[in-house]
$ cat my_file-v1.cif   # mmCIF, C-alpha atoms
data_upload
#
loop_
_atom_site.label_atom_id
_atom_site.label_comp_id
_atom_site.auth_asym_id
_atom_site.auth_seq_id
_atom_site.Cartn_x
_atom_site.Cartn_y
_atom_site.Cartn_z
CA MET A 1 1.59 -7.70 20.40
CA PHE A 2 0.38 -5.79 17.41
CA LYS A 3 -3.06 -4.24 17.49
CA ARG A 4 -5.59 -5.51 14.96
CA THR A 5 -6.86 -2.90 12.55
CA ALA A 6 -9.89 -3.20 10.34
CA ALA A 7 -9.27 -3.80 6.67
CA VAL A 8 -11.35 -2.61 3.75
CA ALA A 9 -12.59 -4.83 0.93
CA VAL A 10 -10.97 -4.22 -2.42
CA LEU A 11 -13.41 -2.64 -4.84
CA SER A 12 -13.51 -3.97 -8.35
CA LEU A 13 -12.47 -1.82 -11.26
CA THR A 14 -15.89 -2.38 -12.75
CA ALA A 15 -17.53 -0.80 -9.74
CA LEU A 16 -15.17 2.14 -9.91
CA ALA A 17 -15.99 2.69 -13.55
CA GLY A 18 -19.56 3.40 -12.48
CA CYS A 19 -18.50 6.41 -10.44
CA GLY A 20 -19.63 9.25 -12.69
CA ASP A 21 -19.80 12.99 -12.27
CA VAL A 22 -22.24 14.39 -9.75
CA ALA A 23 -24.06 17.62 -9.16
CA GLY A 24 -22.06 20.26 -7.38
CA GLU A 25 -18.73 19.43 -9.03
CA GLY A 26 -18.14 19.10 -12.76
CA SER A 27 -15.76 16.71 -14.45
CA SER A 28 -13.15 19.45 -14.53
CA GLY A 29 -13.12 19.46 -10.75
CA THR A 30 -13.52 23.24 -10.62
CA GLY A 31 -16.85 23.26 -8.79
CA ARG A 32 -17.46 23.37 -5.07
CA PRO A 33 -16.26 20.16 -3.34
CA GLY A 34 -19.02 17.96 -2.00
CA GLY A 35 -22.59 17.72 -3.21
CA GLY A 36 -22.68 13.91 -3.07
CA ALA A 37 -19.37 13.42 -4.88
CA THR A 38 -17.44 10.15 -4.75
CA LEU A 39 -13.67 10.54 -4.48
CA THR A 40 -11.81 7.57 -5.95
CA VAL A 41 -8.39 6.79 -4.50
CA PHE A 42 -6.03 4.18 -5.95
CA ALA A 43 -3.56 3.16 -3.25
CA ALA A 44 -0.91 0.52 -2.54
CA ALA A 45 -2.26 -2.50 -0.65
CA SER A 46 -0.02 -1.75 2.33
CA LEU A 47 -1.94 1.51 2.87
CA THR A 48 -5.27 -0.27 3.36
CA GLU A 49 -5.73 0.23 7.08
CA ALA A 50 -4.25 3.73 7.34
CA PHE A 51 -6.07 5.10 4.29
CA THR A 52 -9.36 3.52 5.35
CA ALA A 53 -9.10 5.48 8.60
CA LEU A 54 -8.18 8.67 6.75
CA GLY A 55 -11.07 8.12 4.36
CA LYS A 56 -13.51 8.10 7.26
CA THR A 57 -11.94 11.29 8.62
CA PHE A 58 -12.28 12.93 5.21
CA GLU A 59 -15.91 11.90 4.86
CA GLY A 60 -16.64 13.29 8.33
CA ALA A 61 -15.23 16.66 7.30
CA HIS A 62 -17.08 16.63 3.95
CA PRO A 63 -20.78 15.78 4.48
CA GLY A 64 -22.22 14.04 1.45
CA VAL A 65 -18.83 12.99 0.08
CA ARG A 66 -17.85 9.33 -0.19
CA VAL A 67 -14.31 8.02 -0.49
CA ARG A 68 -13.88 4.82 -2.45
CA PHE A 69 -10.58 2.96 -2.48
CA GLN A 70 -8.97 0.62 -4.96
CA PHE A 71 -6.18 -1.13 -3.08
CA GLY A 72 -3.69 -3.42 -4.79
CA GLY A 73 -0.20 -3.80 -6.15
CA SER A 74 1.16 -0.38 -7.13
CA SER A 75 2.33 -1.57 -10.54
CA THR A 76 -1.13 -2.91 -11.40
CA LEU A 77 -2.86 0.26 -10.21
CA ALA A 78 -0.45 2.44 -12.17
CA GLN A 79 -1.15 0.46 -15.33
CA GLN A 80 -4.90 0.77 -14.79
CA ILE A 81 -4.59 4.55 -14.46
CA THR A 82 -2.56 4.86 -17.66
CA GLN A 83 -5.23 2.78 -19.40
CA GLY A 84 -7.92 5.26 -18.39
CA ALA A 85 -9.35 3.83 -15.17
CA PRO A 86 -11.33 6.57 -13.34
CA ALA A 87 -9.34 7.81 -10.34
CA ASP A 88 -8.78 11.07 -8.50
CA VAL A 89 -5.70 10.23 -6.41
CA PHE A 90 -2.87 7.71 -6.72
CA ALA A 91 -0.68 6.69 -3.78
CA ALA A 92 2.12 4.28 -4.70
CA ALA A 93 4.53 2.21 -2.61
CA SER A 94 7.56 3.31 -4.62
CA PRO A 95 8.75 6.18 -6.84
CA ALA A 96 9.41 3.67 -9.63
CA THR A 97 5.74 2.70 -9.92
CA MET A 98 4.69 6.35 -9.62
CA LYS A 99 6.88 7.09 -12.67
CA THR A 100 4.60 4.88 -14.75
CA VAL A 101 1.83 7.41 -14.18
CA THR A 102 3.86 10.61 -14.30
CA GLY A 103 5.80 9.43 -17.35
CA ALA A 104 2.54 8.84 -19.21
CA GLY A 105 1.35 12.37 -18.43
CA ASP A 106 -1.42 11.05 -16.19
CA ALA A 107 -0.53 13.08 -13.08
CA ARG A 108 -1.45 16.65 -12.26
CA GLY A 109 1.50 18.33 -10.56
CA GLY A 110 4.46 16.62 -8.96
CA PRO A 111 4.15 13.65 -6.57
CA GLN A 112 4.85 14.21 -2.87
CA VAL A 113 6.58 11.57 -0.74
CA PHE A 114 4.40 11.30 2.36
CA THR A 115 5.73 8.27 4.25
CA ARG A 116 8.18 5.35 4.21
CA ASN A 117 7.97 1.64 4.98
CA ARG A 118 10.38 -1.24 5.56
CA LEU A 119 10.24 -5.00 5.28
CA VAL A 120 10.07 -7.59 8.04
CA ILE A 121 9.92 -11.38 7.95
CA ALA A 122 6.38 -12.58 8.63
CA VAL A 123 5.91 -16.04 10.13
CA PRO A 124 2.75 -17.91 11.21
CA LYS A 125 1.72 -18.36 14.82
CA GLY A 126 4.19 -20.60 16.60
CA ASP A 127 6.80 -20.15 13.85
CA PRO A 128 6.66 -23.79 12.64
CA GLY A 129 9.55 -23.17 10.23
CA LYS A 130 11.79 -22.00 13.08
CA VAL A 131 12.81 -18.77 11.37
CA ALA A 132 15.00 -16.50 13.47
CA LYS A 133 16.94 -14.45 10.94
CA VAL A 134 16.91 -13.52 7.26
CA ARG A 135 19.52 -16.16 6.36
CA ASP A 136 17.05 -18.83 7.41
CA LEU A 137 14.93 -17.95 4.36
CA GLY A 138 17.47 -19.68 2.16
CA ARG A 139 17.20 -22.96 4.05
CA PRO A 140 16.23 -25.94 1.86
CA GLY A 141 12.65 -27.06 2.37
CA LEU A 142 11.47 -23.78 3.92
CA LYS A 143 8.33 -22.52 2.17
CA VAL A 144 8.81 -18.80 1.47
CA VAL A 145 6.41 -16.50 -0.39
CA LEU A 146 7.38 -13.14 -1.87
CA CYS A 147 5.68 -10.38 -3.83
CA ALA A 148 6.07 -10.38 -7.61
CA VAL A 149 9.25 -8.58 -8.60
CA GLN A 150 7.38 -5.82 -10.46
CA VAL A 151 5.52 -4.88 -7.27
CA PRO A 152 7.34 -2.54 -4.84
CA CYS A 153 7.36 -5.10 -2.01
CA GLY A 154 8.88 -7.64 -4.41
CA ALA A 155 11.55 -5.25 -5.64
CA ALA A 156 12.39 -4.31 -2.04
CA ALA A 157 12.60 -7.99 -1.10
CA GLU A 158 15.10 -8.65 -3.88
CA THR A 159 17.25 -5.73 -2.72
CA ALA A 160 17.13 -6.76 0.94
CA LEU A 161 17.92 -10.41 0.21
CA ALA A 162 20.82 -9.43 -2.02
CA ALA A 163 22.17 -7.19 0.77
CA ALA A 164 21.97 -10.16 3.13
CA GLY A 165 23.64 -12.47 0.64
CA VAL A 166 20.69 -14.86 0.74
CA ARG A 167 19.28 -16.71 -2.25
CA VAL A 168 15.61 -17.64 -1.90
CA GLU A 169 13.52 -19.79 -4.22
CA PRO A 170 9.97 -18.78 -3.27
CA VAL A 171 7.14 -21.27 -3.58
CA SER A 172 5.01 -18.47 -5.03
CA ARG A 173 5.13 -14.84 -6.11
CA GLU A 174 2.06 -12.89 -5.09
CA LYS A 175 0.31 -9.90 -6.68
CA ASP A 176 0.64 -7.68 -3.60
CA VAL A 177 1.83 -7.65 0.00
CA LYS A 178 -1.57 -8.53 1.45
CA ALA A 179 -1.62 -11.74 -0.58
CA VAL A 180 1.77 -12.70 0.87
CA LEU A 181 0.53 -11.95 4.37
CA THR A 182 -2.61 -14.04 3.83
CA LYS A 183 -0.61 -17.11 2.80
CA VAL A 184 1.62 -16.79 5.84
CA GLY A 185 -1.33 -16.23 8.17
CA LEU A 186 -3.11 -19.32 6.82
CA GLY A 187 0.00 -21.42 7.36
CA GLU A 188 0.43 -22.03 3.63
CA ALA A 189 3.97 -20.69 3.91
CA ASP A 190 6.63 -20.79 6.61
CA ALA A 191 7.65 -17.19 6.00
CA GLY A 192 7.21 -14.20 3.75
CA LEU A 193 8.67 -10.74 3.33
CA VAL A 194 6.05 -8.06 3.97
CA TYR A 195 5.99 -4.54 5.33
CA ARG A 196 6.21 -3.84 9.03
CA THR A 197 2.83 -2.12 8.83
CA ASP A 198 1.12 -5.23 7.47
CA VAL A 199 2.33 -7.38 10.35
CA LYS A 200 1.13 -4.75 12.79
CA ALA A 201 -2.29 -4.64 11.15
CA ALA A 202 -2.58 -8.44 11.29
CA GLY A 203 -2.48 -8.47 15.07
CA GLY A 204 -1.59 -11.85 16.53
CA GLU A 205 -2.25 -13.79 13.32
CA VAL A 206 1.41 -13.53 12.32
CA ALA A 207 4.66 -12.50 13.97
CA GLY A 208 7.21 -10.10 12.52
CA ILE A 209 10.99 -10.54 12.63
CA GLU A 210 13.09 -7.43 12.01
CA PHE A 211 16.37 -7.80 10.10
CA PRO A 212 19.07 -5.15 9.56
CA GLU A 213 19.33 -5.58 5.78
CA ALA A 214 15.78 -4.20 5.46
CA ALA A 215 17.35 -0.76 5.93
CA LYS A 216 18.85 -1.17 2.44
CA ALA A 217 15.40 -1.38 0.88
CA ILE A 218 13.18 1.20 2.57
CA ASN A 219 10.36 2.29 0.26
CA ASP A 220 9.30 5.91 -0.20
CA TYR A 221 5.56 6.36 -0.81
CA PRO A 222 4.55 9.18 -3.20
CA ILE A 223 1.02 10.54 -3.74
CA VAL A 224 -0.36 12.61 -6.61
CA GLU A 225 -3.58 13.90 -8.13
CA VAL A 226 -4.51 12.02 -11.30
CA ALA A 227 -4.59 14.24 -14.38
CA ARG A 228 -8.15 13.23 -15.32
CA ALA A 229 -9.43 13.46 -11.74
CA PRO A 230 -13.23 13.90 -11.88
CA HIS A 231 -13.09 15.78 -8.56
CA SER A 232 -9.91 17.81 -8.58
CA ALA A 233 -10.71 20.04 -5.61
CA LEU A 234 -11.51 17.05 -3.40
CA ALA A 235 -8.40 15.24 -4.63
CA LYS A 236 -6.23 18.15 -3.54
CA GLU A 237 -7.90 18.25 -0.12
CA PHE A 238 -7.46 14.52 0.41
CA ILE A 239 -3.77 14.77 -0.46
CA GLN A 240 -3.39 17.62 2.03
CA LEU A 241 -4.99 15.44 4.70
CA VAL A 242 -2.53 12.63 3.95
CA VAL A 243 0.61 14.80 3.97
CA GLY A 244 -0.55 16.96 6.91
CA GLY A 245 -0.42 16.41 10.65
CA GLN A 246 -3.47 14.14 10.84
CA GLY A 247 -2.17 11.95 8.08
CA ARG A 248 1.29 11.66 9.62
CA SER A 249 -0.26 10.72 12.95
CA VAL A 250 -2.42 7.96 11.47
CA LEU A 251 0.45 6.60 9.39
CA SER A 252 2.80 6.64 12.36
CA ARG A 253 0.34 4.66 14.49
CA ALA A 254 0.10 2.13 11.66
CA GLY A 255 3.87 1.61 11.75
CA PHE A 256 4.97 3.81 8.86
CA GLU A 257 8.05 6.02 9.11
CA GLY A 258 8.36 9.73 8.42
CA PRO A 259 9.33 10.77 4.87
#
$ encode --input "my_file-v1.cif" --output "structure tokens"
Amino acid sequence: MFKRTAAVAVLSLTALAGCGDVAGEGSSGTGRPGGGATLTVFAAASLTEAFTALGKTFEGAHPGVRVRFQFGGSSTLAQQITQGAPADVFAAASPATMKTVTGAGDARGGPQVFTRNRLVIAVPKGDPGKVAKVRDLGRPGLKVVLCAVQVPCGAAAETALAAAGVRVEPVSREKDVKAVLTKVGLGEADAGLVYRTDVKAAGGEVAGIEFPEAAKAINDYPIVEVARAPHSALAKEFIQLVVGGQGRSVLSRAGFEGP
């Protein structure tokens, strides 16, 4: 039985845009970290639970500092950053989506891969669709939901299904992995491909079915400081927390794999 983990509400981009510079650290990020600063982290939806926990740890070690998260599909977040959305740190669910940011010159330094994740088949309580293996996803009449192909979980799903030789016609393509998980949990779909970590975070609301072809589509997760980070010093410290021992421990408990 997977342990339920608290999730964080997704902050709107409008709210994030209101996060201005604060006393104690200038927009160049060269001042002393802290002083009531708000660190803005854009992160893949699958990192919601783990990063929420790390955000609380970071706030505890930096009195007066707040960490605000924008969770969502990595491709959408990357596009928002290249369009000027205010962010200090970007953590993506694939190197391909990270390249959108680095290729546009919107990253400071090189990205670091800090963890990995793999897909599982998520089914509702009781498994009404009687799904036992990945080949069942191609069965006529089975309602399957997948991530949009431009999102890392969607790209990984395409790779894994191709490796299994299974053709799936999904009833919907969702904006991120949490949206897929929600449809499965509500019984609006018989199955969906999500990350192992998302099933673990959902507790008993869904069940996860491992399949060997998922090993062909393991996603590396890179993290980087955003070039226009309002709080550069804090951004660097948060990244060090993520890639360090504490971060690895939290990510491992959430079901992520080592980089």
$ resolve_selection --input "my_file-v1.cif" --expression "the PyMOL selection byres ((chain A and resi 93) around 10)" --output "number ranges by chain"
A: 43-47, 73-75, 91-92, 94-98, 113, 115-117, 151-153, 219-223
$ resolve_selection --input "my_file-v1.cif" --expression "the PyMOL selection byres ((chain A and resi 121-132) around 6)" --output "VMD selection string"
chain A and resid 120 133 136 184 to 185 187 190 to 193 206 to 209
$ residues_near_point --input "my_file-v1.cif" --point "(5.5, -11.1, -3.0)" --cutoff "7 Å" --atoms "all atoms listed in the file" --output "list in words"
Val145, Leu146, Cys147, Ala148, Cys153, Gly154, Arg173, Glu174, Lys175, Asp176, Val177 and Val180 of chain A
$ atom_distance --input "my_file-v1.cif" --atom1 "atom CA of A:Gly36" --atom2 "atom CA of A:Thr52"
18.9 Å
$ residues_around --input "my_file-v1.cif" --residues "A:Ala227" --least-positions-apart "3" --cutoff "6 Å" --atoms "all atoms listed in the file" --output "list of chain:residue names"
A:Asp106, A:Ala107, A:Arg108
$ resolve_selection --input "my_file-v1.cif" --expression "the PyMOL selection byres ((chain A and resi 55) around 12)" --output "number ranges by chain"
A: 8, 38-41, 43, 47-54, 56-62, 65-69, 234-235, 237-239, 241-242, 246-247, 250
$ write_last_selection --input "my_file-v1.cif" --atoms "C-alpha atoms" --output "PDB file, keeping the file's coordinate frame"
ATOM      1  CA  VAL A   8     -11.350  -2.610   3.750  1.00  0.00           C
ATOM      2  CA  THR A  38     -17.440  10.150  -4.750  1.00  0.00           C
ATOM      3  CA  LEU A  39     -13.670  10.540  -4.480  1.00  0.00           C
ATOM      4  CA  THR A  40     -11.810   7.570  -5.950  1.00  0.00           C
ATOM      5  CA  VAL A  41      -8.390   6.790  -4.500  1.00  0.00           C
ATOM      6  CA  ALA A  43      -3.560   3.160  -3.250  1.00  0.00           C
ATOM      7  CA  LEU A  47      -1.940   1.510   2.870  1.00  0.00           C
ATOM      8  CA  THR A  48      -5.270  -0.270   3.360  1.00  0.00           C
ATOM      9  CA  GLU A  49      -5.730   0.230   7.080  1.00  0.00           C
ATOM     10  CA  ALA A  50      -4.250   3.730   7.340  1.00  0.00           C
ATOM     11  CA  PHE A  51      -6.070   5.100   4.290  1.00  0.00           C
ATOM     12  CA  THR A  52      -9.360   3.520   5.350  1.00  0.00           C
ATOM     13  CA  ALA A  53      -9.100   5.480   8.600  1.00  0.00           C
ATOM     14  CA  LEU A  54      -8.180   8.670   6.750  1.00  0.00           C
ATOM     15  CA  LYS A  56     -13.510   8.100   7.260  1.00  0.00           C
ATOM     16  CA  THR A  57     -11.940  11.290   8.620  1.00  0.00           C
ATOM     17  CA  PHE A  58     -12.280  12.930   5.210  1.00  0.00           C
ATOM     18  CA  GLU A  59     -15.910  11.900   4.860  1.00  0.00           C
ATOM     19  CA  GLY A  60     -16.640  13.290   8.330  1.00  0.00           C
ATOM     20  CA  ALA A  61     -15.230  16.660   7.300  1.00  0.00           C
ATOM     21  CA  HIS A  62     -17.080  16.630   3.950  1.00  0.00           C
ATOM     22  CA  VAL A  65     -18.830  12.990   0.080  1.00  0.00           C
ATOM     23  CA  ARG A  66     -17.850   9.330  -0.190  1.00  0.00           C
ATOM     24  CA  VAL A  67     -14.310   8.020  -0.490  1.00  0.00           C
ATOM     25  CA  ARG A  68     -13.880   4.820  -2.450  1.00  0.00           C
ATOM     26  CA  PHE A  69     -10.580   2.960  -2.480  1.00  0.00           C
ATOM     27  CA  LEU A 234     -11.510  17.050  -3.400  1.00  0.00           C
ATOM     28  CA  ALA A 235      -8.400  15.240  -4.630  1.00  0.00           C
ATOM     29  CA  GLU A 237      -7.900  18.250  -0.120  1.00  0.00           C
ATOM     30  CA  PHE A 238      -7.460  14.520   0.410  1.00  0.00           C
ATOM     31  CA  ILE A 239      -3.770  14.770  -0.460  1.00  0.00           C
ATOM     32  CA  LEU A 241      -4.990  15.440   4.700  1.00  0.00           C
ATOM     33  CA  VAL A 242      -2.530  12.630   3.950  1.00  0.00           C
ATOM     34  CA  GLN A 246      -3.470  14.140  10.840  1.00  0.00           C
ATOM     35  CA  GLY A 247      -2.170  11.950   8.080  1.00  0.00           C
ATOM     36  CA  VAL A 250      -2.420   7.960  11.470  1.00  0.00           C
TER      37      VAL A 250
END
$ closest_residue --input "my_file-v1.cif" --among "A:Glu188, A:Glu169, A:Glu205, A:Glu225" --to "A:Ile81" --atoms "only C-alpha atoms"
A:Glu225
$ residues_around --input "my_file-v1.cif" --residues "A:Gln80" --least-positions-apart "3" --cutoff "12 Å" --atoms "all atoms listed in the file" --output "number ranges by chain"
A: 12-14, 16-17, 42-43, 70-77, 83-87, 90, 97, 100-101, 104, 106, 226
$ write_last_selection --input "my_file-v1.cif" --atoms "C-alpha atoms" --output "PDB file, keeping the file's coordinate frame"
ATOM      1  CA  SER A  12     -13.510  -3.970  -8.350  1.00  0.00           C
ATOM      2  CA  LEU A  13     -12.470  -1.820 -11.260  1.00  0.00           C
ATOM      3  CA  THR A  14     -15.890  -2.380 -12.750  1.00  0.00           C
ATOM      4  CA  LEU A  16     -15.170   2.140  -9.910  1.00  0.00           C
ATOM      5  CA  ALA A  17     -15.990   2.690 -13.550  1.00  0.00           C
ATOM      6  CA  PHE A  42      -6.030   4.180  -5.950  1.00  0.00           C
ATOM      7  CA  ALA A  43      -3.560   3.160  -3.250  1.00  0.00           C
ATOM      8  CA  GLN A  70      -8.970   0.620  -4.960  1.00  0.00           C
ATOM      9  CA  PHE A  71      -6.180  -1.130  -3.080  1.00  0.00           C
ATOM     10  CA  GLY A  72      -3.690  -3.420  -4.790  1.00  0.00           C
ATOM     11  CA  GLY A  73      -0.200  -3.800  -6.150  1.00  0.00           C
ATOM     12  CA  SER A  74       1.160  -0.380  -7.130  1.00  0.00           C
ATOM     13  CA  SER A  75       2.330  -1.570 -10.540  1.00  0.00           C
ATOM     14  CA  THR A  76      -1.130  -2.910 -11.400  1.00  0.00           C
ATOM     15  CA  LEU A  77      -2.860   0.260 -10.210  1.00  0.00           C
ATOM     16  CA  GLN A  83      -5.230   2.780 -19.400  1.00  0.00           C
ATOM     17  CA  GLY A  84      -7.920   5.260 -18.390  1.00  0.00           C
ATOM     18  CA  ALA A  85      -9.350   3.830 -15.170  1.00  0.00           C
ATOM     19  CA  PRO A  86     -11.330   6.570 -13.340  1.00  0.00           C
ATOM     20  CA  ALA A  87      -9.340   7.810 -10.340  1.00  0.00           C
ATOM     21  CA  PHE A  90      -2.870   7.710  -6.720  1.00  0.00           C
ATOM     22  CA  THR A  97       5.740   2.700  -9.920  1.00  0.00           C
ATOM     23  CA  THR A 100       4.600   4.880 -14.750  1.00  0.00           C
ATOM     24  CA  VAL A 101       1.830   7.410 -14.180  1.00  0.00           C
ATOM     25  CA  ALA A 104       2.540   8.840 -19.210  1.00  0.00           C
ATOM     26  CA  ASP A 106      -1.420  11.050 -16.190  1.00  0.00           C
ATOM     27  CA  VAL A 226      -4.510  12.020 -11.300  1.00  0.00           C
TER      28      VAL A 226
END
$ axis_aligned_box --input "my_file-v1.cif" --around "stretch 168-184 of chain A" --padding-each-side "3 Å" --output "lines of an AutoDock Vina configuration file"
center_x = 6.5
center_y = -14.5
center_z = -0.4
size_x = 24.2
size_y = 19.6
size_z = 18.5
$ closest_residue --input "my_file-v1.cif" --among "A:Thr102, A:Gly109, A:Phe211, A:Gln79" --to "A:Leu137" --atoms "only C-alpha atoms"
A:Phe211
$ closest_residue --input "my_file-v1.cif" --among "A:Val171, A:Thr182, A:Val194, A:Ala215" --to "A:Thr159" --atoms "all atoms listed in the file"
A:Ala215
$ closest_residue --input "my_file-v1.cif" --among "A:Pro170, A:Gly103, A:Gly165, A:Pro259" --to "A:Val134" --atoms "all atoms listed in the file"
A:Gly165
$ atom_distance --input "my_file-v1.cif" --atom1 "atom CA of A:Ala37" --atom2 "atom CA of A:Gly64"
7.0 Å
$ atom_distance --input "my_file-v1.cif" --atom1 "atom CA of A:Phe256" --atom2 "atom CA of A:Leu161"
21.1 Å
$ closest_residue --input "my_file-v1.cif" --among "A:Ala163, A:Val149, A:Pro140, A:Gly105" --to "A:Lys216" --atoms "all atoms listed in the file"
A:Ala163
$ closest_residue --input "my_file-v1.cif" --among "A:Ala202, A:Leu251, A:Ile218, A:Ala78" --to "A:Leu181" --atoms "only C-alpha atoms"
A:Ala202
$ build_atoms --input "my_file-v1.cif" --residues "stretch 186-208 of chain A" --atoms "N, CA and C atoms" --output "CSV table (one decimal), keeping the file's coordinate frame"
chain,number,residue,atom,x,y,z
A,186,LEU,N,-2.4,-18.1,6.9
A,186,LEU,CA,-3.1,-19.3,6.8
A,186,LEU,C,-2.2,-20.5,7.0
A,187,GLY,N,-0.9,-20.3,7.2
A,187,GLY,CA,0.0,-21.4,7.4
A,187,GLY,C,0.4,-22.1,6.1
A,188,GLU,N,0.1,-21.5,4.9
A,188,GLU,CA,0.4,-22.0,3.6
A,188,GLU,C,1.9,-21.8,3.3
A,189,ALA,N,2.5,-21.0,4.1
A,189,ALA,CA,4.0,-20.7,3.9
A,189,ALA,C,4.6,-20.6,5.3
A,190,ASP,N,5.9,-20.9,5.3
A,190,ASP,CA,6.6,-20.8,6.6
A,190,ASP,C,7.1,-19.4,6.9
A,191,ALA,N,7.2,-18.6,5.8
A,191,ALA,CA,7.6,-17.2,6.0
A,191,ALA,C,7.4,-16.4,4.7
A,192,GLY,N,7.4,-15.1,4.9
A,192,GLY,CA,7.2,-14.2,3.8
A,192,GLY,C,7.8,-12.9,4.1
A,193,LEU,N,8.2,-12.1,3.1
A,193,LEU,CA,8.7,-10.7,3.3
A,193,LEU,C,7.5,-9.8,3.0
A,194,VAL,N,7.1,-9.0,4.1
A,194,VAL,CA,6.0,-8.1,4.0
A,194,VAL,C,6.5,-6.8,4.7
A,195,TYR,N,5.7,-5.8,4.6
A,195,TYR,CA,6.0,-4.5,5.3
A,195,TYR,C,5.7,-4.7,6.8
A,196,ARG,N,6.4,-3.9,7.6
A,196,ARG,CA,6.2,-3.8,9.0
A,196,ARG,C,4.8,-3.5,9.4
A,197,THR,N,4.2,-2.6,8.6
A,197,THR,CA,2.8,-2.1,8.8
A,197,THR,C,1.8,-3.2,8.6
A,198,ASP,N,2.1,-4.1,7.7
A,198,ASP,CA,1.1,-5.2,7.5
A,198,ASP,C,1.1,-6.2,8.6
A,199,VAL,N,2.3,-6.5,9.2
A,199,VAL,CA,2.3,-7.4,10.4
A,199,VAL,C,1.6,-6.7,11.5
A,200,LYS,N,1.8,-5.4,11.7
A,200,LYS,CA,1.1,-4.8,12.8
A,200,LYS,C,-0.4,-4.8,12.6
A,201,ALA,N,-0.9,-4.6,11.4
A,201,ALA,CA,-2.3,-4.6,11.2
A,201,ALA,C,-2.9,-6.0,11.3
A,202,ALA,N,-2.1,-7.1,11.2
A,202,ALA,CA,-2.6,-8.4,11.3
A,202,ALA,C,-2.8,-8.9,12.7
A,203,GLY,N,-2.3,-8.1,13.7
A,203,GLY,CA,-2.5,-8.5,15.1
A,203,GLY,C,-1.7,-9.7,15.4
A,204,GLY,N,-2.3,-10.6,16.1
A,204,GLY,CA,-1.6,-11.8,16.5
A,204,GLY,C,-1.6,-13.0,15.5
A,205,GLU,N,-2.2,-12.7,14.3
A,205,GLU,CA,-2.2,-13.8,13.3
A,205,GLU,C,-0.9,-14.2,12.8
A,206,VAL,N,0.0,-13.2,12.8
A,206,VAL,CA,1.4,-13.5,12.3
A,206,VAL,C,2.4,-12.8,13.2
A,207,ALA,N,3.6,-13.2,13.2
A,207,ALA,CA,4.7,-12.5,14.0
A,207,ALA,C,5.6,-11.9,13.0
A,208,GLY,N,6.3,-10.8,13.4
A,208,GLY,CA,7.2,-10.1,12.5
A,208,GLY,C,8.6,-10.2,13.1
